[in-house]
$ cat input_11.cif   # mmCIF, C-alpha atoms
data_work
loop_
_atom_site.label_atom_id
_atom_site.label_comp_id
_atom_site.auth_asym_id
_atom_site.auth_seq_id
_atom_site.Cartn_x
_atom_site.Cartn_y
_atom_site.Cartn_z
CA MET A 236 0.00 0.00 0.00
CA SER A 237 1.47 3.32 -1.09
CA GLU A 238 2.11 6.02 1.48
CA ALA A 239 -0.37 8.91 1.45
CA PRO A 240 1.12 12.10 0.00
CA ARG A 241 2.11 14.77 2.48
CA ILE A 242 -0.43 17.56 2.95
CA PRO A 243 0.90 20.97 1.91
CA VAL A 244 0.56 23.82 4.42
CA THR A 245 0.47 27.56 3.82
CA VAL A 246 1.26 29.78 6.81
CA ILE A 247 -0.41 33.20 6.69
CA GLY A 248 1.02 35.89 8.95
CA GLY A 249 0.83 39.60 9.53
CA TYR A 250 -0.09 41.98 12.30
CA LEU A 251 -3.66 42.54 13.50
CA GLY A 252 -5.69 44.28 10.81
CA ALA A 253 -3.27 43.50 7.99
CA GLY A 254 -5.91 41.66 5.93
CA LYS A 255 -5.40 37.98 6.79
CA THR A 256 -9.12 37.22 7.13
CA THR A 257 -9.93 38.87 3.81
CA LEU A 258 -7.26 36.73 2.12
CA VAL A 259 -8.57 33.52 3.70
CA ASN A 260 -12.13 34.24 2.56
CA HIS A 261 -10.90 34.87 -0.98
CA LEU A 262 -8.99 31.58 -0.98
CA LEU A 263 -12.09 29.74 0.22
CA ARG A 264 -14.14 31.31 -2.56
CA THR A 265 -11.64 30.33 -5.23
CA ALA A 266 -10.78 26.84 -3.96
CA GLN A 267 -12.66 25.28 -6.91
CA GLY A 268 -13.61 22.10 -5.09
CA ARG A 269 -10.36 21.58 -3.22
CA ARG A 270 -10.80 20.46 0.38
CA LEU A 271 -9.21 23.17 2.50
CA ALA A 272 -8.71 23.23 6.24
CA VAL A 273 -8.20 26.58 7.97
CA LEU A 274 -6.62 26.69 11.42
CA VAL A 275 -6.69 29.83 13.56
CA ASN A 276 -5.70 30.60 17.13
CA ASP A 277 -9.14 31.89 17.98
CA LEU A 278 -12.24 31.56 15.84
CA GLY A 279 -13.14 35.06 16.90
CA GLU A 280 -10.19 36.31 14.85
CA LEU A 281 -11.53 34.80 11.64
CA SER A 282 -14.87 35.98 10.30
CA ILE A 283 -15.82 33.51 7.59
CA ASP A 284 -18.33 35.05 5.19
CA ALA A 285 -21.82 33.92 6.21
CA ASP A 286 -22.77 32.57 2.78
CA LEU A 287 -19.84 30.12 2.93
CA ILE A 288 -20.85 28.52 6.24
CA GLU A 289 -22.81 25.26 6.17
CA ALA A 290 -22.67 24.38 9.88
CA ARG A 291 -21.08 25.66 13.06
CA ASP A 292 -20.05 23.80 16.21
CA GLU A 293 -18.27 25.07 19.29
CA ASN A 294 -14.81 24.54 17.84
CA LEU A 295 -15.49 23.94 14.15
CA ILE A 296 -17.06 25.66 11.17
CA SER A 297 -18.00 23.59 8.14
CA ILE A 298 -17.63 25.56 4.93
CA ALA A 299 -19.19 25.00 1.52
CA GLY A 300 -17.04 22.87 -0.77
CA GLY A 301 -15.85 20.42 1.89
CA CYS A 302 -13.69 22.94 3.73
CA VAL A 303 -13.42 23.34 7.49
CA CYS A 304 -12.23 26.05 9.85
CA CYS A 305 -11.23 25.15 13.37
CA SER A 306 -9.56 26.68 16.39
CA TYR A 307 -6.35 25.07 17.58
CA GLY A 308 -5.83 27.12 20.73
CA SER A 309 -2.25 26.60 21.88
CA ASP A 310 -1.81 23.08 20.50
CA LEU A 311 -1.15 23.35 16.79
CA VAL A 312 0.47 19.93 16.55
CA LEU A 313 -2.60 18.20 18.02
CA ALA A 314 -4.92 20.06 15.67
CA LEU A 315 -2.84 19.03 12.65
CA LYS A 316 -2.82 15.40 13.78
CA GLU A 317 -6.59 15.47 14.07
CA LEU A 318 -6.91 16.97 10.59
CA ALA A 319 -4.68 14.29 9.07
CA ALA A 320 -6.96 11.64 10.57
CA ARG A 321 -10.06 13.07 8.89
CA ASN A 322 -11.67 11.11 6.07
CA PRO A 323 -11.35 12.51 3.52
CA ARG A 324 -8.14 14.32 4.36
CA PRO A 325 -7.77 17.98 3.38
CA ASP A 326 -6.01 18.77 0.12
CA HIS A 327 -4.34 21.80 1.67
CA VAL A 328 -4.11 23.46 5.09
CA LEU A 329 -4.09 27.21 5.71
CA ILE A 330 -2.76 28.31 9.10
CA GLU A 331 -3.70 31.86 10.01
CA THR A 332 -1.40 33.01 12.78
CA SER A 333 -2.23 35.56 15.43
CA GLY A 334 -1.05 39.12 14.91
CA VAL A 335 1.89 38.71 17.28
CA ALA A 336 2.97 35.24 16.15
CA LEU A 337 6.10 34.57 14.12
CA PRO A 338 5.19 32.56 10.98
CA ASN A 339 8.58 30.88 10.97
CA SER A 340 7.95 29.41 14.43
CA VAL A 341 4.62 28.04 13.26
CA ALA A 342 6.21 26.62 10.12
CA ALA A 343 8.91 24.97 12.24
CA SER A 344 6.22 22.99 14.05
CA LEU A 345 5.56 21.14 10.80
CA SER A 346 8.98 19.50 11.04
CA LEU A 347 7.67 17.66 14.11
CA LEU A 348 4.92 15.99 12.11
CA GLU A 349 4.81 13.25 9.55
CA GLY A 350 2.36 13.72 6.72
CA TYR A 351 2.77 17.47 6.28
CA LYS A 352 5.09 19.73 4.30
CA LEU A 353 5.56 23.48 4.32
CA ASP A 354 4.37 24.90 1.04
CA CYS A 355 4.49 28.66 1.47
CA VAL A 356 4.79 31.47 4.01
CA ALA A 357 2.79 34.59 3.15
CA VAL A 358 2.90 37.70 5.34
CA LEU A 359 0.45 40.55 4.89
CA ALA A 360 1.19 44.23 5.45
CA ASP A 361 -1.38 47.04 5.30
CA VAL A 362 0.13 49.60 2.94
CA THR A 363 -1.65 52.43 4.76
CA THR A 364 -0.16 51.67 8.19
CA ILE A 365 2.84 49.33 7.96
CA ARG A 366 5.63 51.92 7.93
CA ARG A 367 4.16 53.74 10.93
CA MET A 368 3.62 50.49 12.83
CA ALA A 369 7.16 49.34 12.00
CA THR A 370 8.51 52.28 14.05
CA ASP A 371 6.38 51.55 17.10
CA ARG A 372 8.61 50.62 20.03
CA TYR A 373 6.35 47.73 21.00
CA LEU A 374 5.57 46.36 17.53
CA ALA A 375 8.67 46.98 15.45
CA ASP A 376 10.64 43.88 16.42
CA THR A 377 7.71 41.53 15.87
CA ILE A 378 6.90 43.04 12.49
CA GLU A 379 10.52 42.81 11.35
CA ARG A 380 10.76 39.18 12.43
CA GLN A 381 7.49 38.31 10.67
CA PHE A 382 9.10 39.26 7.38
CA VAL A 383 12.26 37.17 7.83
CA ASP A 384 11.16 33.90 6.25
CA ALA A 385 8.29 35.06 4.04
CA ASP A 386 8.09 33.70 0.51
CA PHE A 387 5.56 36.40 -0.33
CA VAL A 388 4.84 39.73 1.32
CA LEU A 389 1.36 40.87 0.34
CA ALA A 390 0.98 44.66 0.35
CA ALA A 391 -2.69 44.59 1.29
CA LYS A 392 -5.33 47.31 0.84
CA ALA A 393 -3.50 48.65 -2.20
CA ASP A 394 -6.77 50.28 -3.30
CA CYS A 395 -6.75 52.47 -0.17
CA ALA A 396 -3.65 54.48 -1.08
CA PRO A 397 -2.42 56.46 -4.10
CA ALA A 398 -0.45 54.47 -6.65
CA GLY A 399 2.76 56.34 -5.83
CA GLU A 400 2.45 55.53 -2.15
CA VAL A 401 1.77 51.85 -2.90
CA ALA A 402 4.89 51.70 -5.06
CA SER A 403 6.92 53.39 -2.32
CA VAL A 404 5.67 50.97 0.34
CA CYS A 405 6.36 47.97 -1.91
CA ALA A 406 9.93 49.18 -2.44
CA TRP A 407 10.33 49.57 1.33
CA LEU A 408 8.92 46.07 1.91
CA SER A 409 11.40 44.67 -0.64
CA GLN A 410 14.21 46.11 1.47
CA LYS A 411 12.76 44.64 4.66
CA ALA A 412 12.21 41.20 3.10
CA PRO A 413 14.76 40.90 0.25
CA GLN A 414 14.17 37.15 -0.06
CA ALA A 415 10.43 37.57 -0.69
CA ARG A 416 8.30 38.48 -3.67
CA VAL A 417 6.30 41.62 -2.80
CA LEU A 418 2.81 41.79 -4.34
CA PRO A 419 0.32 44.66 -4.13
CA VAL A 420 -3.06 43.18 -3.22
CA THR A 421 -6.62 44.53 -3.28
CA ARG A 422 -9.28 42.84 -1.12
CA GLY A 423 -7.17 39.73 -0.69
CA GLN A 424 -7.37 38.86 -4.37
CA VAL A 425 -4.36 36.68 -5.04
CA PRO A 426 -4.63 33.62 -7.31
CA PHE A 427 -5.10 30.46 -5.24
CA GLU A 428 -2.18 28.85 -7.07
CA VAL A 429 0.22 31.54 -5.83
CA ILE A 430 -0.57 31.06 -2.14
CA ALA A 431 -1.30 27.33 -2.17
CA SER A 432 0.21 24.63 -4.36
CA SER A 433 -2.04 22.55 -6.54
CA ASP A 434 -1.73 19.50 -8.77
CA ARG A 435 -4.17 21.15 -11.15
CA PRO A 436 -3.03 23.29 -14.09
CA LEU A 437 -2.61 26.93 -13.17
CA ARG A 438 -5.73 28.82 -14.23
CA LEU A 439 -6.53 32.42 -13.53
CA VAL A 440 -10.17 33.15 -12.75
CA ALA A 441 -12.33 36.23 -12.66
CA SER A 442 -13.27 37.44 -9.19
CA ALA A 443 -16.93 38.23 -8.65
CA ASP A 444 -16.44 41.14 -6.25
CA THR A 445 -14.11 43.39 -8.23
CA HIS A 446 -13.95 45.15 -11.57
CA HIS A 447 -10.46 43.76 -12.08
CA HIS A 448 -9.70 40.17 -13.00
CA GLU A 449 -6.66 38.26 -11.86
CA SER A 450 -5.85 37.82 -15.55
CA ASP A 451 -5.41 41.60 -15.78
CA ILE A 452 -2.40 41.40 -13.45
CA TYR A 453 -1.11 37.82 -13.52
CA SER A 454 -0.07 35.62 -16.40
CA THR A 455 0.42 31.88 -16.80
CA ARG A 456 2.83 30.14 -19.11
CA LEU A 457 3.30 26.45 -19.95
CA LEU A 458 6.91 25.48 -20.63
CA ASP A 459 7.62 22.33 -22.63
CA PHE A 460 10.66 20.14 -21.94
CA PRO A 461 10.39 17.29 -24.48
CA GLU A 462 13.98 16.13 -23.89
CA PRO A 463 15.72 15.09 -20.65
CA VAL A 464 17.10 17.97 -18.58
CA ASN A 465 19.05 18.70 -15.43
CA ALA A 466 15.98 19.10 -13.21
CA THR A 467 17.76 20.89 -10.37
CA ARG A 468 19.26 23.41 -12.78
CA VAL A 469 15.82 24.09 -14.29
CA ALA A 470 14.25 24.61 -10.87
CA MET A 471 16.94 27.04 -9.77
CA ALA A 472 16.78 28.94 -13.06
CA LEU A 473 13.00 29.38 -12.74
CA ALA A 474 13.42 30.62 -9.16
CA ASP A 475 15.81 33.38 -10.18
CA ARG A 476 14.29 36.76 -9.30
CA GLY A 477 15.07 38.15 -12.75
CA VAL A 478 12.75 35.63 -14.41
CA GLY A 479 9.85 37.16 -12.51
CA LEU A 480 7.91 34.01 -11.57
CA LEU A 481 5.83 33.63 -8.43
CA ARG A 482 5.10 29.92 -8.80
CA ALA A 483 6.03 27.03 -11.05
CA LYS A 484 5.19 23.36 -10.85
CA GLY A 485 5.46 20.44 -13.22
CA PHE A 486 7.28 17.26 -14.20
CA VAL A 487 10.37 16.72 -16.32
CA ARG A 488 12.48 13.76 -17.36
CA GLY A 489 15.97 13.83 -15.94
CA HIS A 490 19.18 12.71 -17.62
CA ASP A 491 19.02 9.69 -15.31
CA GLY A 492 15.72 8.61 -16.89
CA ALA A 493 13.73 9.36 -13.71
CA THR A 494 10.74 11.67 -13.50
CA TRP A 495 11.36 14.78 -11.43
CA THR A 496 8.91 17.20 -9.85
CA ILE A 497 9.79 20.87 -10.34
CA GLN A 498 8.45 23.15 -7.61
CA VAL A 499 9.13 26.89 -7.38
CA VAL A 500 7.78 29.19 -4.67
CA GLY A 501 9.12 32.73 -4.93
CA GLU A 502 12.89 32.33 -4.76
CA ARG A 503 12.75 28.75 -3.48
CA GLY A 504 13.24 26.22 -6.23
CA GLU A 505 13.61 22.46 -5.84
CA ALA A 506 13.59 19.33 -7.94
CA LEU A 507 12.66 16.00 -6.36
CA PRO A 508 12.41 12.55 -7.95
CA THR A 509 8.87 11.23 -7.99
CA ARG A 510 7.17 7.91 -8.54
CA LYS A 511 3.79 9.53 -8.96
CA PRO A 512 2.26 8.50 -12.30
CA THR A 513 1.65 11.47 -14.56
CA SER A 514 0.77 12.00 -18.19
CA HIS A 515 2.28 15.48 -18.23
CA VAL A 516 6.00 14.73 -18.03
CA GLY A 517 7.87 17.47 -19.85
CA GLN A 518 5.56 20.31 -18.88
CA VAL A 519 5.98 22.98 -16.21
CA ASN A 520 3.20 25.45 -15.37
CA CYS A 521 4.37 28.95 -14.44
CA ILE A 522 2.60 31.98 -13.01
CA GLY A 523 3.84 35.52 -12.50
CA LEU A 524 2.95 39.18 -12.73
CA ILE A 525 2.52 40.28 -16.34
CA ALA A 526 4.74 43.31 -15.74
CA ARG A 527 7.60 41.20 -14.35
CA MET A 528 7.61 37.89 -16.26
CA ASP A 529 10.58 37.72 -18.61
CA ASN A 530 9.35 35.53 -21.47
CA ASP A 531 12.70 35.65 -23.27
CA ARG A 532 14.42 34.16 -20.24
CA LEU A 533 11.66 31.55 -19.92
CA ASP A 534 12.23 30.59 -23.56
CA ALA A 535 15.95 30.24 -22.87
CA ILE A 536 15.31 28.02 -19.84
CA ALA A 537 12.98 25.79 -21.85
CA GLN A 538 15.62 25.37 -24.56
CA ALA A 539 18.50 24.63 -22.18
CA ARG A 540 19.59 21.04 -21.66
#
$ encode --input "input_11.cif" --output "structure tokens"
Amino acid sequence: MSEAPRIPVTVIGGYLGAGKTTLVNHLLRTAQGRRLAVLVNDLGELSIDADLIEARDENLISIAGGCVCCSYGSDLVLALKELAARNPRPDHVLIETSGVALPNSVAASLSLLEGYKLDCVAVLADVTTIRRMATDRYLADTIERQFVDADFVLAAKADCAPAGEVASVCAWLSQKAPQARVLPVTRGQVPFEVIASSDRPLRLVASADTHHHESDIYSTRLLDFPEPVNATRVAMALADRGVGLLRAKGFVRGHDGATWTIQVVGERGEALPTRKPTSHVGQVNCIGLIARMDNDRLDAIAQAR
């Protein structure tokens, strides 16, 4: 009997009021049938939109589409063990940290558990308040440390500030978190595939509550690798900041004849051998901001051997 695949986990951080709840609700609305589990320190901190709720118990909210939201109190490890025992298991877990928590500490807890893997760390920052809060004597250290291991820093509420101010804040955030991709975000609208990995092809969808579509900002690209390649070299090349990708995932054939999974999250790129049957060997799905994706460099990567 084959071992069950590890459940990917996205850790969502940011100080109180940064926009974490808005992001979670957007991800639930765009899950497209995926079974999500959302863990929060206190259910009072997460206001799931009423039209998504199917049932509510003392410690659990059942959400349309097979998703659940539950409180884990102080015992995250126990909550994750209970989730892994559910039938069916979740396809992906979102952990929304408290405003004063350090996402890296939460992510480190995953190393204590079998059956889970860290997929992504996303930290939100309210563009209208973050620079002021980052100078507060009581908050500054926590905010700085929240940025340390982020894969993505989401500059939330970008519609609440002039374009010039948003650009200035994003540049400041890039200095504070040089390892992260900084994305301006309006009403939590980030493609699901950026924040949470998926085995499905990357597909940008229109959002019902905005005049802008994700396809206005983001772009997807399918790279073909018909011949064997150095999988690790491909993964690292796709993760290079200059290429401008946010995510990439797919399967290639290595020079050793094995099938390799390519996975890119921000500047983290890895290639791992896989035994998982797939009919899409030689294809890697990519997603990035239209303004930053370098298609010439992507062409060069696809042609390299």
$ closest_residue --input "input_11.cif" --among "A:Asp459, A:Val273, A:Cys405, A:Pro508" --to "Ser306 of chain A" --atoms "only C-alpha atoms"
A:Val273
$ closest_residue --input "input_11.cif" --among "A:Gly479, A:Ala539, A:Pro463, A:Ile298" --to "Val516 of chain A" --atoms "all atoms listed in the file"
A:Pro463
$ atom_distance --input "input_11.cif" --atom1 "atom CA of Phe427 of chain A" --atom2 "atom CA of Leu524 of chain A"
14.0 Å
$ resolve_selection --input "input_11.cif" --expression "the PyMOL selection byres ((chain A and resi 537) around 8)" --output "list in words"
Leu458, Asp459, Phe460, Leu533, Asp534, Ala535, Ile536, Gln538 and Ala539 of chain A
$ residues_around --input "input_11.cif" --residues "segment 471-478 of chain A" --least-positions-apart "2" --cutoff "10 Å" --atoms "only C-alpha atoms" --output "number ranges by chain"
A: 414-416, 466-469, 480-483, 497-506, 521, 523, 527-533, 535-537
$ write_last_selection --input "input_11.cif" --atoms "C-alpha atoms" --output "mmCIF file, in the frame of the given file"
data_model
loop_
_atom_site.group_PDB
_atom_site.id
_atom_site.type_symbol
_atom_site.label_atom_id
_atom_site.label_comp_id
_atom_site.auth_asym_id
_atom_site.auth_seq_id
_atom_site.Cartn_x
_atom_site.Cartn_y
_atom_site.Cartn_z
ATOM 1 C CA GLN A 414 14.170 37.150 -0.060
ATOM 2 C CA ALA A 415 10.430 37.570 -0.690
ATOM 3 C CA ARG A 416 8.300 38.480 -3.670
ATOM 4 C CA ALA A 466 15.980 19.100 -13.210
ATOM 5 C CA THR A 467 17.760 20.890 -10.370
ATOM 6 C CA ARG A 468 19.260 23.410 -12.780
ATOM 7 C CA VAL A 469 15.820 24.090 -14.290
ATOM 8 C CA LEU A 480 7.910 34.010 -11.570
ATOM 9 C CA LEU A 481 5.830 33.630 -8.430
ATOM 10 C CA ARG A 482 5.100 29.920 -8.800
ATOM 11 C CA ALA A 483 6.030 27.030 -11.050
ATOM 12 C CA ILE A 497 9.790 20.870 -10.340
ATOM 13 C CA GLN A 498 8.450 23.150 -7.610
ATOM 14 C CA VAL A 499 9.130 26.890 -7.380
ATOM 15 C CA VAL A 500 7.780 29.190 -4.670
ATOM 16 C CA GLY A 501 9.120 32.730 -4.930
ATOM 17 C CA GLU A 502 12.890 32.330 -4.760
ATOM 18 C CA ARG A 503 12.750 28.750 -3.480
ATOM 19 C CA GLY A 504 13.240 26.220 -6.230
ATOM 20 C CA GLU A 505 13.610 22.460 -5.840
ATOM 21 C CA ALA A 506 13.590 19.330 -7.940
ATOM 22 C CA CYS A 521 4.370 28.950 -14.440
ATOM 23 C CA GLY A 523 3.840 35.520 -12.500
ATOM 24 C CA ARG A 527 7.600 41.200 -14.350
ATOM 25 C CA MET A 528 7.610 37.890 -16.260
ATOM 26 C CA ASP A 529 10.580 37.720 -18.610
ATOM 27 C CA ASN A 530 9.350 35.530 -21.470
ATOM 28 C CA ASP A 531 12.700 35.650 -23.270
ATOM 29 C CA ARG A 532 14.420 34.160 -20.240
ATOM 30 C CA LEU A 533 11.660 31.550 -19.920
ATOM 31 C CA ALA A 535 15.950 30.240 -22.870
ATOM 32 C CA ILE A 536 15.310 28.020 -19.840
ATOM 33 C CA ALA A 537 12.980 25.790 -21.850
#
$ residues_near_point --input "input_11.cif" --point "(-3.1, 23.5, 7.3)" --cutoff "10 Å" --atoms "only C-alpha atoms" --output "list in words"
Ile242, Pro243, Val244, Thr245, Val246, Leu271, Ala272, Val273, Leu274, Val275, Cys304, Leu311, Ala314, Leu315, Leu318, Ala319, Pro325, Asp326, His327, Val328, Leu329, Ile330, Glu331, Leu345, Tyr351, Lys352, Leu353 and Asp354 of chain A
$ residues_around --input "input_11.cif" --residues "Ala385 of chain A" --least-positions-apart "6" --cutoff "9 Å" --atoms "all atoms listed in the file" --output "list in words"
Gly248, Pro338, Asn339, Cys355, Val356, Ala357, Val358, Ala412, Gln414, Ala415 and Arg416 of chain A
$ residues_around --input "input_11.cif" --residues "His261 of chain A" --least-positions-apart "3" --cutoff "8 Å" --atoms "all atoms listed in the file" --output "number ranges by chain"
A: 257-258, 264-265, 423-425
